[in-house]
$ cat start_2.txt   # compact mmCIF, C-alpha atoms
# COMPACT_ATOMS: atom_id res chain seq x y z
CA MET F 19 163.23 39.30 212.56
CA ASP F 20 162.39 37.80 216.00
CA LYS F 21 163.18 39.40 219.39
CA ASN F 22 166.50 37.60 219.85
CA ASP F 23 167.69 38.45 216.34
CA LYS F 24 166.73 42.07 216.90
CA LYS F 25 168.66 42.14 220.17
CA ALA F 26 171.74 40.67 218.50
CA TRP F 27 171.39 43.14 215.62
CA ASN F 28 171.23 46.09 218.06
CA LYS F 29 174.22 44.80 219.98
CA MET F 30 176.23 44.46 216.77
CA ASN F 31 175.34 48.03 215.85
CA ASP F 32 176.39 49.16 219.35
CA PHE F 33 179.78 47.51 218.89
CA GLU F 34 180.22 49.18 215.53
CA LYS F 35 179.31 52.50 217.12
CA ILE F 36 181.90 51.94 219.88
CA ILE F 37 184.65 51.16 217.38
CA GLU F 38 183.64 54.12 215.25
CA LEU F 39 183.95 56.41 218.27
CA LEU F 40 187.22 54.86 219.47
CA ASP F 41 188.62 55.27 215.98
CA LYS F 42 187.92 59.00 215.90
CA ASP F 43 190.82 61.32 216.61
CA LEU F 44 188.84 63.85 218.62
CA LEU F 45 185.66 63.17 220.57
CA THR F 46 183.15 65.77 221.71
CA ALA F 47 182.17 65.78 225.38
CA GLU F 48 178.84 64.20 224.45
CA GLU F 49 180.52 61.44 222.43
CA LYS F 50 182.86 60.76 225.32
CA ASN F 51 179.88 60.36 227.65
CA VAL F 52 178.11 58.03 225.24
CA LEU F 53 181.24 55.90 224.81
CA SER F 54 181.96 55.79 228.53
CA GLY F 55 178.35 54.83 229.27
CA MET F 56 178.35 52.02 226.69
CA ILE F 57 181.62 50.58 227.96
CA LYS F 58 180.58 50.69 231.58
CA SER F 59 177.12 49.18 231.05
CA ASP F 60 178.15 46.14 228.98
CA PRO F 61 181.07 43.79 229.69
CA GLU F 62 181.10 42.71 226.02
CA ALA F 63 181.42 46.34 224.97
CA SER F 64 184.26 46.73 227.41
CA LYS F 65 186.03 43.74 225.82
CA ILE F 66 185.56 45.22 222.33
CA SER F 67 187.05 48.49 223.52
CA ASN F 68 189.95 46.62 225.12
CA ALA F 69 190.64 44.63 221.95
CA TYR F 70 190.61 47.82 219.90
CA SER F 71 193.04 49.51 222.30
CA GLN F 72 195.40 46.54 222.12
CA LEU F 73 195.33 46.45 218.36
CA LYS F 74 195.83 50.20 218.12
CA THR F 75 198.69 50.18 220.64
CA THR F 76 200.32 47.28 218.83
CA LEU F 77 200.03 48.72 215.36
CA SER F 78 199.63 52.45 215.53
CA ARG F 79 202.85 54.45 215.90
CA ASN F 80 201.11 57.83 215.88
CA GLU F 81 203.31 60.19 213.90
CA HIS F 82 205.97 57.56 213.13
CA ILE F 83 206.34 54.56 210.87
CA ASP F 84 205.64 51.14 212.38
CA GLU F 85 208.75 48.97 212.65
CA GLU F 86 207.20 46.08 210.71
CA LEU F 87 206.15 48.40 207.91
CA MET F 88 209.67 49.83 207.87
CA GLY F 89 210.99 46.26 207.74
CA GLU F 90 208.83 45.58 204.67
CA TYR F 91 210.07 48.84 203.16
CA VAL F 92 213.72 47.78 203.72
CA LEU F 93 212.97 44.48 201.97
CA TYR F 94 211.19 46.38 199.19
CA LYS F 95 214.25 48.61 198.71
CA ASN F 96 216.43 45.50 198.59
CA ASN F 97 214.14 43.93 195.97
CA LEU F 98 212.88 41.29 198.38
CA SER F 99 209.26 42.37 198.84
CA SER F 100 206.41 42.55 196.40
CA GLU F 101 203.65 42.78 199.06
CA ARG F 102 200.69 44.85 197.90
CA LEU F 103 200.67 46.68 201.23
CA ILE F 104 204.17 48.10 200.87
CA ILE F 105 203.54 48.97 197.23
CA LEU F 106 200.48 50.95 198.40
CA LEU F 107 202.37 52.66 201.20
CA SER F 108 205.92 53.00 199.87
CA LYS F 109 205.48 56.60 198.73
CA MET F 110 204.04 57.59 202.11
CA VAL F 111 207.01 55.90 203.86
CA GLU F 112 209.52 57.61 201.58
CA ASP F 113 207.93 61.05 202.13
CA HIS F 114 207.88 60.47 205.88
CA ILE F 115 211.53 59.35 206.09
CA ARG F 116 212.57 62.53 204.27
CA LYS F 117 211.12 64.74 207.00
CA CYS F 118 211.45 62.57 210.16
CA VAL F 119 214.91 62.03 211.63
CA GLN F 120 213.71 59.31 214.02
CA CYS F 121 212.23 57.24 211.19
CA GLU F 122 215.24 57.92 208.99
CA ASN F 123 217.40 56.46 211.79
CA LEU F 124 215.07 53.50 212.11
CA PHE F 125 215.39 52.88 208.37
CA LYS F 126 219.19 53.07 208.58
CA GLU F 127 219.27 50.75 211.58
CA LEU F 128 217.00 48.14 210.00
CA ASN F 129 218.78 48.44 206.65
CA ALA F 130 222.11 47.79 208.40
CA GLU F 131 220.54 44.80 210.15
CA TYR F 132 219.31 43.51 206.80
CA GLY F 133 222.88 43.91 205.50
CA ALA F 134 224.11 41.75 208.40
CA VAL F 135 221.45 39.10 207.70
CA ASP F 136 222.33 39.16 204.00
CA SER F 137 226.05 38.72 204.60
CA PHE F 138 225.37 36.00 207.20
CA VAL F 139 223.26 34.02 204.71
CA SER F 140 225.77 34.62 201.89
CA ARG F 141 228.62 33.46 204.12
CA SER F 142 226.72 30.30 205.07
CA VAL F 143 226.24 29.51 201.40
CA VAL F 144 229.94 30.18 200.64
CA ASP F 145 230.95 27.99 203.61
CA GLN F 146 228.83 25.17 202.24
CA VAL F 147 230.57 25.49 198.86
CA LYS F 148 233.97 25.53 200.60
CA GLU F 149 233.18 22.25 202.35
CA GLU F 150 232.89 20.61 199.00
CA ARG F 151 236.41 21.60 197.97
CA PRO F 152 239.17 18.93 197.39
CA ALA F 153 241.46 17.68 200.20
CA ALA F 154 244.36 20.04 199.37
CA SER F 155 242.10 23.06 199.74
CA LYS F 156 240.77 21.61 202.98
CA GLN F 157 244.34 21.54 204.38
CA LEU F 158 244.83 25.20 203.56
CA PHE F 159 241.44 25.99 205.13
CA LEU F 160 242.49 24.12 208.30
CA PHE F 161 245.81 26.01 208.39
CA ASN F 162 243.97 29.34 208.13
CA ASN F 163 241.66 28.31 210.94
CA ILE F 164 244.59 27.37 213.20
CA SER F 165 246.12 30.81 212.60
CA THR F 166 242.80 32.45 213.49
CA ALA F 167 242.57 30.35 216.66
CA LYS F 168 246.11 31.36 217.62
CA TYR F 169 245.28 35.05 217.22
CA ALA F 170 242.04 34.62 219.17
CA PHE F 171 243.89 32.83 221.98
CA ALA F 172 246.59 35.51 222.08
CA SER F 173 243.92 38.26 222.26
CA ILE F 174 242.10 36.54 225.14
CA ALA F 175 245.40 36.03 226.99
CA ALA F 176 246.26 39.73 226.53
CA VAL F 177 242.86 40.79 227.91
CA VAL F 178 243.27 38.46 230.94
CA VAL F 179 246.77 39.79 231.67
CA LEU F 180 245.55 43.39 231.32
CA TYR F 181 242.61 42.74 233.67
CA LEU F 182 244.85 41.08 236.27
CA GLY F 183 247.20 44.06 236.08
CA LEU F 184 244.34 46.50 236.61
CA PHE F 185 243.03 44.31 239.44
CA ALA F 186 246.40 44.50 241.20
CA VAL F 187 246.54 48.30 240.80
CA SER F 188 242.93 48.67 241.93
CA SER F 189 243.52 46.48 245.03
CA PHE F 190 246.63 48.43 245.89
CA ILE F 191 245.08 51.90 245.67
CA THR F 192 241.66 51.03 247.19
CA PRO F 193 241.68 50.94 251.01
CA ASP F 194 240.16 47.80 252.56
CA TYR F 195 237.26 49.71 254.13
CA LYS F 196 236.17 50.88 250.68
CA LYS F 197 236.06 47.41 249.19
CA SER F 198 232.72 46.52 250.75
CA PHE F 199 230.23 48.64 252.65
CA LEU F 200 228.26 45.86 254.29
CA ASP F 201 230.96 43.18 254.93
CA GLY F 202 228.22 40.55 254.79
CA GLU F 203 226.27 42.07 257.67
CA ASP F 204 222.65 40.98 257.81
CA PHE F 205 220.10 43.74 258.31
CA TYR F 206 217.05 41.70 257.38
CA THR F 207 215.74 41.39 260.94
CA THR F 208 212.60 43.48 260.82
CA ARG F 209 212.67 45.02 264.34
CA GLY F 210 208.89 44.85 264.43
CA ARG F 211 208.48 46.55 261.03
CA THR F 212 205.96 44.58 259.00
CA SER F 213 204.46 47.09 256.56
CA GLU F 214 204.02 45.93 252.96
CA LEU F 215 206.08 48.81 251.56
CA PHE F 216 208.95 47.94 253.90
CA GLN F 217 208.83 44.29 252.82
CA ARG F 218 208.77 45.33 249.17
CA GLY F 219 211.79 47.50 249.86
CA LEU F 220 213.66 44.51 251.33
CA ASP F 221 212.70 42.36 248.34
CA ALA F 222 214.02 45.05 245.95
CA ILE F 223 217.31 45.20 247.92
CA ASP F 224 217.52 41.44 247.62
CA ARG F 225 217.31 41.88 243.84
CA LYS F 226 219.93 44.66 244.07
CA ASP F 227 217.32 47.02 242.61
CA TYR F 228 218.29 49.88 244.91
CA THR F 229 216.34 52.56 243.03
CA SER F 230 213.03 50.73 243.54
CA ALA F 231 213.98 49.89 247.13
CA ILE F 232 214.55 53.57 247.89
CA GLN F 233 211.19 54.40 246.34
CA TYR F 234 209.35 51.79 248.48
CA LEU F 235 211.17 52.74 251.67
CA ASN F 236 210.57 56.45 251.14
CA ASP F 237 206.87 55.70 250.50
CA ASP F 238 206.84 53.70 253.75
CA VAL F 239 208.36 56.68 255.58
CA ILE F 240 205.71 59.04 254.15
CA LYS F 241 202.81 56.67 254.75
CA SER F 242 203.74 55.56 258.27
CA GLN F 243 205.73 58.47 259.66
CA ASP F 244 204.12 58.13 263.12
CA ASP F 245 204.78 54.39 263.51
CA GLU F 246 207.01 53.51 266.46
CA SER F 247 209.17 51.20 264.32
CA ILE F 248 209.61 53.64 261.40
CA PHE F 249 213.19 54.27 262.58
CA TYR F 250 214.11 50.90 261.10
CA THR F 251 212.90 51.92 257.65
CA HIS F 252 215.21 54.95 257.92
CA PHE F 253 218.05 52.63 258.95
CA VAL F 254 217.54 50.30 255.96
CA LEU F 255 217.07 53.35 253.73
CA GLY F 256 220.51 54.57 254.85
CA ILE F 257 222.10 51.25 253.92
CA THR F 258 220.31 51.25 250.56
CA TYR F 259 221.45 54.76 249.65
CA VAL F 260 225.09 53.88 250.34
CA ASN F 261 224.79 50.66 248.34
CA LYS F 262 223.29 52.64 245.47
CA ALA F 263 226.17 55.10 245.71
CA GLU F 264 228.71 52.41 244.81
CA ASN F 265 230.28 52.66 241.34
CA ASP F 266 233.07 50.69 239.73
CA PHE F 267 234.72 49.95 236.42
CA LEU F 268 234.47 46.21 235.59
CA GLY F 269 234.50 45.51 239.33
CA LEU F 270 237.66 47.61 239.79
CA PHE F 271 238.44 51.12 241.06
CA LYS F 272 235.51 51.42 243.45
CA SER F 273 234.11 54.90 244.07
CA PHE F 274 230.99 56.29 245.79
CA SER F 275 228.54 59.01 244.73
CA LYS F 276 228.84 61.73 247.36
CA GLU F 277 225.21 62.78 246.97
CA ASP F 278 223.82 59.29 247.69
CA VAL F 279 226.22 58.73 250.58
CA GLN F 280 225.07 62.03 252.14
CA LYS F 281 221.45 60.90 251.79
CA GLY F 282 222.42 57.63 253.46
CA ILE F 283 224.00 59.48 256.37
CA GLU F 284 220.88 61.66 256.76
CA SER F 285 218.72 58.51 256.90
CA PHE F 286 220.93 56.93 259.57
CA GLU F 287 220.77 60.14 261.62
CA LYS F 288 216.98 60.18 261.31
CA SER F 289 216.91 56.56 262.44
CA ILE F 290 218.91 57.46 265.57
CA LYS F 291 216.60 60.42 266.27
CA LEU F 292 213.38 58.39 265.94
CA ASN F 293 214.59 55.27 267.78
CA ASN F 294 213.14 56.28 271.17
CA GLY F 295 211.28 53.15 272.28
CA GLY F 296 214.23 51.92 274.34
CA LYS F 297 213.92 48.39 272.92
CA PHE F 298 216.49 48.81 270.15
CA ASP F 299 219.16 51.08 271.63
CA ASN F 300 221.88 48.86 270.15
CA LEU F 301 220.62 49.86 266.70
CA LYS F 302 221.55 53.48 267.44
CA LEU F 303 225.18 52.40 267.81
CA ASP F 304 224.88 50.28 264.66
CA ALA F 305 223.66 53.41 262.85
CA HIS F 306 226.69 55.33 264.17
CA TYR F 307 228.94 52.55 262.87
CA PHE F 308 227.39 52.80 259.40
CA ILE F 309 227.57 56.60 259.47
CA GLY F 310 231.29 56.22 260.24
CA LYS F 311 231.70 53.79 257.34
CA SER F 312 229.71 56.09 255.05
CA TYR F 313 232.03 58.99 255.82
CA LEU F 314 234.98 56.75 254.99
CA MET F 315 233.46 56.03 251.59
CA ILE F 316 233.62 59.74 250.77
CA ASP F 317 237.06 60.15 252.38
CA ASP F 318 235.90 62.25 255.37
CA LYS F 319 238.10 60.48 257.92
CA ILE F 320 237.60 63.04 260.72
CA SER F 321 233.81 62.68 260.81
CA ALA F 322 234.16 58.91 260.36
CA SER F 323 236.43 58.50 263.37
CA LYS F 324 234.04 60.48 265.64
CA HIS F 325 231.18 58.07 264.94
CA LEU F 326 233.36 54.96 265.04
CA GLN F 327 234.86 56.06 268.37
CA LEU F 328 231.34 56.39 269.79
CA VAL F 329 230.68 52.75 268.85
CA VAL F 330 233.94 51.65 270.49
CA ASN F 331 233.33 53.69 273.69
CA ASN F 332 229.79 52.35 274.15
CA LYS F 333 230.69 48.79 273.17
CA GLY F 334 228.22 48.60 270.28
CA SER F 335 227.80 45.30 268.46
CA TYR F 336 230.27 46.47 265.81
CA TYR F 337 232.86 47.77 268.26
CA LYS F 338 235.59 45.32 267.14
CA LYS F 339 235.12 46.29 263.52
CA ALA F 340 234.97 49.98 264.46
CA GLU F 341 238.21 49.57 266.39
CA ASN F 342 239.92 47.97 263.39
CA LEU F 343 238.70 50.71 261.08
CA ILE F 344 240.06 53.42 263.39
CA LYS F 345 243.45 51.65 263.33
CA GLU F 346 243.39 51.74 259.50
CA LEU F 347 242.88 55.52 259.37
CA MET S 164 215.57 32.78 204.13
CA ARG S 165 216.87 36.38 204.27
CA ARG S 166 213.28 37.62 204.42
CA VAL S 167 212.28 35.23 207.24
CA LEU S 168 215.39 35.95 209.32
CA PHE S 169 215.09 39.69 208.88
CA LEU S 170 211.35 39.86 209.62
CA THR S 171 211.87 37.71 212.74
CA PHE S 172 214.41 40.27 213.92
CA VAL S 173 212.04 43.16 213.10
CA ARG S 174 209.21 41.50 215.06
CA TRP S 175 211.51 41.05 218.09
CA TYR S 176 212.77 44.62 217.76
CA LYS S 177 209.21 45.95 217.58
CA GLN S 178 208.05 43.98 220.63
CA ASN S 179 210.91 45.38 222.67
CA ASN S 180 210.10 48.90 221.53
CA LEU S 181 206.40 48.47 222.27
CA ARG S 182 207.06 47.22 225.77
CA ARG S 183 209.16 50.28 226.47
CA THR S 184 206.57 52.62 224.91
CA PHE S 185 203.73 50.95 226.80
CA GLU S 186 205.54 51.24 230.14
CA LEU S 187 206.00 54.94 229.47
CA ASN S 188 202.43 55.49 228.30
CA GLU S 189 200.99 53.59 231.23
CA GLU S 190 201.76 56.47 233.56
CA ILE S 191 200.77 59.20 231.10
CA THR S 192 197.32 57.74 230.35
CA ALA S 193 196.58 56.55 233.88
CA ASP S 194 193.90 59.18 234.50
CA ASP S 195 192.07 58.38 231.27
CA SER S 196 190.85 55.15 232.84
CA ASN S 197 187.15 55.77 232.21
CA LEU S 198 187.72 55.13 228.50
CA ARG S 199 190.44 52.49 228.83
CA THR S 200 189.61 49.05 230.10
CA ASP S 201 192.91 47.35 229.47
CA GLU S 202 193.31 44.10 231.37
CA GLY S 203 196.97 43.79 230.42
CA PHE S 204 198.60 43.90 227.00
CA ASP S 205 199.78 40.60 225.60
CA LEU S 206 201.67 42.04 222.65
CA THR S 207 202.92 38.73 221.33
CA ALA S 208 199.39 37.33 221.36
CA VAL S 209 198.01 40.32 219.47
CA LEU S 210 200.72 40.12 216.81
CA ASN S 211 200.35 36.34 216.47
CA ILE S 212 196.57 36.60 216.10
CA LEU S 213 196.96 39.30 213.46
CA ASP S 214 199.09 36.92 211.43
CA THR S 215 196.21 34.43 211.36
CA LEU S 216 193.70 36.89 209.83
CA SER S 217 192.93 36.83 206.13
CA GLU S 218 195.26 38.88 203.94
CA GLU S 219 192.50 41.37 203.15
CA LYS S 220 191.64 41.96 206.81
CA GLN S 221 195.31 42.40 207.68
CA GLU S 222 195.66 44.90 204.86
CA ILE S 223 192.70 47.00 206.02
CA VAL S 224 193.89 47.05 209.62
CA LYS S 225 197.48 47.87 208.63
CA LEU S 226 196.49 50.55 206.13
CA ARG S 227 194.31 52.12 208.85
CA PHE S 228 196.94 52.03 211.61
CA TRP S 229 200.28 51.91 209.84
CA GLY S 230 199.33 54.14 206.95
CA ASP S 231 196.93 56.26 209.04
CA LEU S 232 194.62 56.23 206.01
CA LYS S 233 190.95 57.21 206.20
CA PHE S 234 188.38 54.57 205.30
CA SER S 235 187.61 56.42 202.05
CA GLU S 236 191.32 56.31 201.08
CA ILE S 237 191.58 52.61 201.92
CA ALA S 238 188.47 51.92 199.84
CA GLU S 239 189.96 53.83 196.91
CA ARG S 240 193.28 52.01 197.04
CA LEU S 241 191.70 48.59 197.43
CA ASN S 242 189.06 49.40 194.84
CA LYS S 243 186.16 48.74 197.21
CA ASN S 244 183.14 50.41 198.70
CA GLU S 245 183.82 52.55 201.83
CA ALA S 246 180.93 51.04 203.83
CA ALA S 247 182.23 47.54 203.10
CA ILE S 248 185.71 48.51 204.29
CA LYS S 249 184.31 49.96 207.54
CA LYS S 250 182.21 46.85 208.13
CA MET S 251 185.19 44.59 207.57
CA PHE S 252 187.32 46.70 209.92
CA TYR S 253 184.69 46.44 212.69
CA ARG S 254 184.32 42.69 212.13
CA THR S 255 188.10 42.30 212.34
CA ILE S 256 188.23 44.02 215.71
CA GLU S 257 185.47 41.73 216.93
CA GLU S 258 187.30 38.67 215.58
CA LEU S 259 190.46 39.80 217.34
CA LYS S 260 188.53 40.23 220.58
CA ASN S 261 187.10 36.70 220.31
CA LYS S 262 190.52 35.20 219.61
CA LEU S 263 192.11 37.09 222.48
CA GLU S 264 189.57 35.76 225.00

$ encode --input "start_2.txt" --output "structure tokens"
Amino acid sequence: MDKNDKKAWNKMNDFEKIIELLDKDLLTAEEKNVLSGMIKSDPEASKISNAYSQLKTTLSRNEHIDEELMGEYVLYKNNLSSERLIILLSKMVEDHIRKCVQCENLFKELNAEYGAVDSFVSRSVVDQVKEERPAASKQLFLFNNISTAKYAFASIAAVVVLYLGLFAVSSFITPDYKKSFLDGEDFYTTRGRTSELFQRGLDAIDRKDYTSAIQYLNDDVIKSQDDESIFYTHFVLGITYVNKAENDFLGLFKSFSKEDVQKGIESFEKSIKLNNGGKFDNLKLDAHYFIGKSYLMIDDKISASKHLQLVVNNKGSYYKKAENLIKEL
Amino acid sequence: MRRVLFLTFVRWYKQNNLRRTFELNEEITADDSNLRTDEGFDLTAVLNILDTLSEEKQEIVKLRFWGDLKFSEIAERLNKNEAAIKKMFYRTIEELKNKLE
């Protein structure tokens, strides 16, 4: 064996050692150190470890039965599998299903799905046979289909009429100010705020992923609490909380989660408190306007009118809208 | 046809489940990074590559992971020598690694 062969031989043994260690359920501290050292010192070893992890994650279900194995078992139970693998493991699967509710449910779910596949295929075959029937039978088939179409059309019409009825009721009982929180207002001007977390927050809002947006904006608040422009993150956070608070049923009967609206109001108040630079005083009045609107969303008209009146008195940029809202109350 | 349709559904169902499980595990195992060197899990690629392996290699891998059998048990069921089974298992992992690259 020459030097190169010996090197390759040692490397191969190292890889086998790595897999042997990765495959063990419990490693001693010393084994962990050895494994860690091998992986860190050799990129090839690192790739082997990665491949093993991927394979294990893909196939190993820990204490449960793998879905593909369960699929084979379902086929086996329906006399559609004679794979050696499932014959070798069928008893183990059966024993496991008896004592594991989760796997029993998986079996039931997949078995039901197999039933659907079976009936779909059977139906397709029957349909093919039907197509070959004589003309008289075809006429009857057509008649049946027309009846089905009529019923389907009637059902759709009933659903549309029902929805329109609910829409009318919903529009009647929902005050205009509750129909939309933002009214198309644009709050994407950054007011000097350029942090990455803030931008990510805006992107998440754009995707209507308010939960992630709140996470990013709160992280921005924690990370940059001493920034001069942090008040704007609080402002956008307020808007995001109120947007997240919005619930409806099929776009009707709008309601707002009180907890999220309260968080929104707190964020607007924080924005007002921290907006001390003097450059964006108008934003304080905007925050008051949105606080007023937020209170309206949770039906606190007294608090709402105080904030809206402040916007009107100080001629904030939303004073016309604030004035109209006060008239509605 | 029933078999193909059904197993296609099962594969899709499994991939969806795995993605969910992996997203959950990602956070749980984050601090075990000294032993994990994952550069991203391409689940579809792994499953597709597995399908290309010889039947015997697939069987050993699946008996090990699906059946959670020890190498001695696999050897017994496949009527083979334990050392040979281990060797084939190691070679399969290496083959998988090469195909994933």

$ atom_distance --input "start_2.txt" --atom1 "CA of Tyr259 in chain F" --atom2 "CA of Val279 in chain F"
6.3 Å

$ closest_residue --input "start_2.txt" --among "S:Ser235, S:Tyr253, S:Lys243, S:Val167" --to "chain F" --atoms "only C-alpha atoms"
S:Tyr253

$ interface_residues --input "start_2.txt" --of "chain F" --to "chain S" --cutoff "7 Å" --atoms "all atoms listed in the file" --output "PDB file with C-alpha atoms, keeping the file's coordinate frame"
ATOM      1  CA  GLU F  34     180.220  49.180 215.530  1.00  0.00           C
ATOM      2  CA  ILE F  37     184.650  51.160 217.380  1.00  0.00           C
ATOM      3  CA  SER F  54     181.960  55.790 228.530  1.00  0.00           C
ATOM      4  CA  SER F  64     184.260  46.730 227.410  1.00  0.00           C
ATOM      5  CA  LYS F  65     186.030  43.740 225.820  1.00  0.00           C
ATOM      6  CA  ILE F  66     185.560  45.220 222.330  1.00  0.00           C
ATOM      7  CA  ASN F  68     189.950  46.620 225.120  1.00  0.00           C
ATOM      8  CA  ALA F  69     190.640  44.630 221.950  1.00  0.00           C
ATOM      9  CA  TYR F  70     190.610  47.820 219.900  1.00  0.00           C
ATOM     10  CA  GLN F  72     195.400  46.540 222.120  1.00  0.00           C
ATOM     11  CA  LEU F  73     195.330  46.450 218.360  1.00  0.00           C
ATOM     12  CA  LYS F  74     195.830  50.200 218.120  1.00  0.00           C
ATOM     13  CA  THR F  76     200.320  47.280 218.830  1.00  0.00           C
ATOM     14  CA  LEU F  77     200.030  48.720 215.360  1.00  0.00           C
ATOM     15  CA  SER F  78     199.630  52.450 215.530  1.00  0.00           C
ATOM     16  CA  ILE F  83     206.340  54.560 210.870  1.00  0.00           C
ATOM     17  CA  ASP F  84     205.640  51.140 212.380  1.00  0.00           C
ATOM     18  CA  GLU F  85     208.750  48.970 212.650  1.00  0.00           C
ATOM     19  CA  GLU F  86     207.200  46.080 210.710  1.00  0.00           C
ATOM     20  CA  GLY F  89     210.990  46.260 207.740  1.00  0.00           C
ATOM     21  CA  LEU F 103     200.670  46.680 201.230  1.00  0.00           C
ATOM     22  CA  LEU F 107     202.370  52.660 201.200  1.00  0.00           C
ATOM     23  CA  TYR F 132     219.310  43.510 206.800  1.00  0.00           C
ATOM     24  CA  VAL F 135     221.450  39.100 207.700  1.00  0.00           C
ATOM     25  CA  ASP F 136     222.330  39.160 204.000  1.00  0.00           C
ATOM     26  CA  VAL F 139     223.260  34.020 204.710  1.00  0.00           C
TER      27      VAL F 139
END

$ atom_distance --input "start_2.txt" --atom1 "CA of Gly310 in chain F" --atom2 "CA of Lys324 in chain F"
7.4 Å
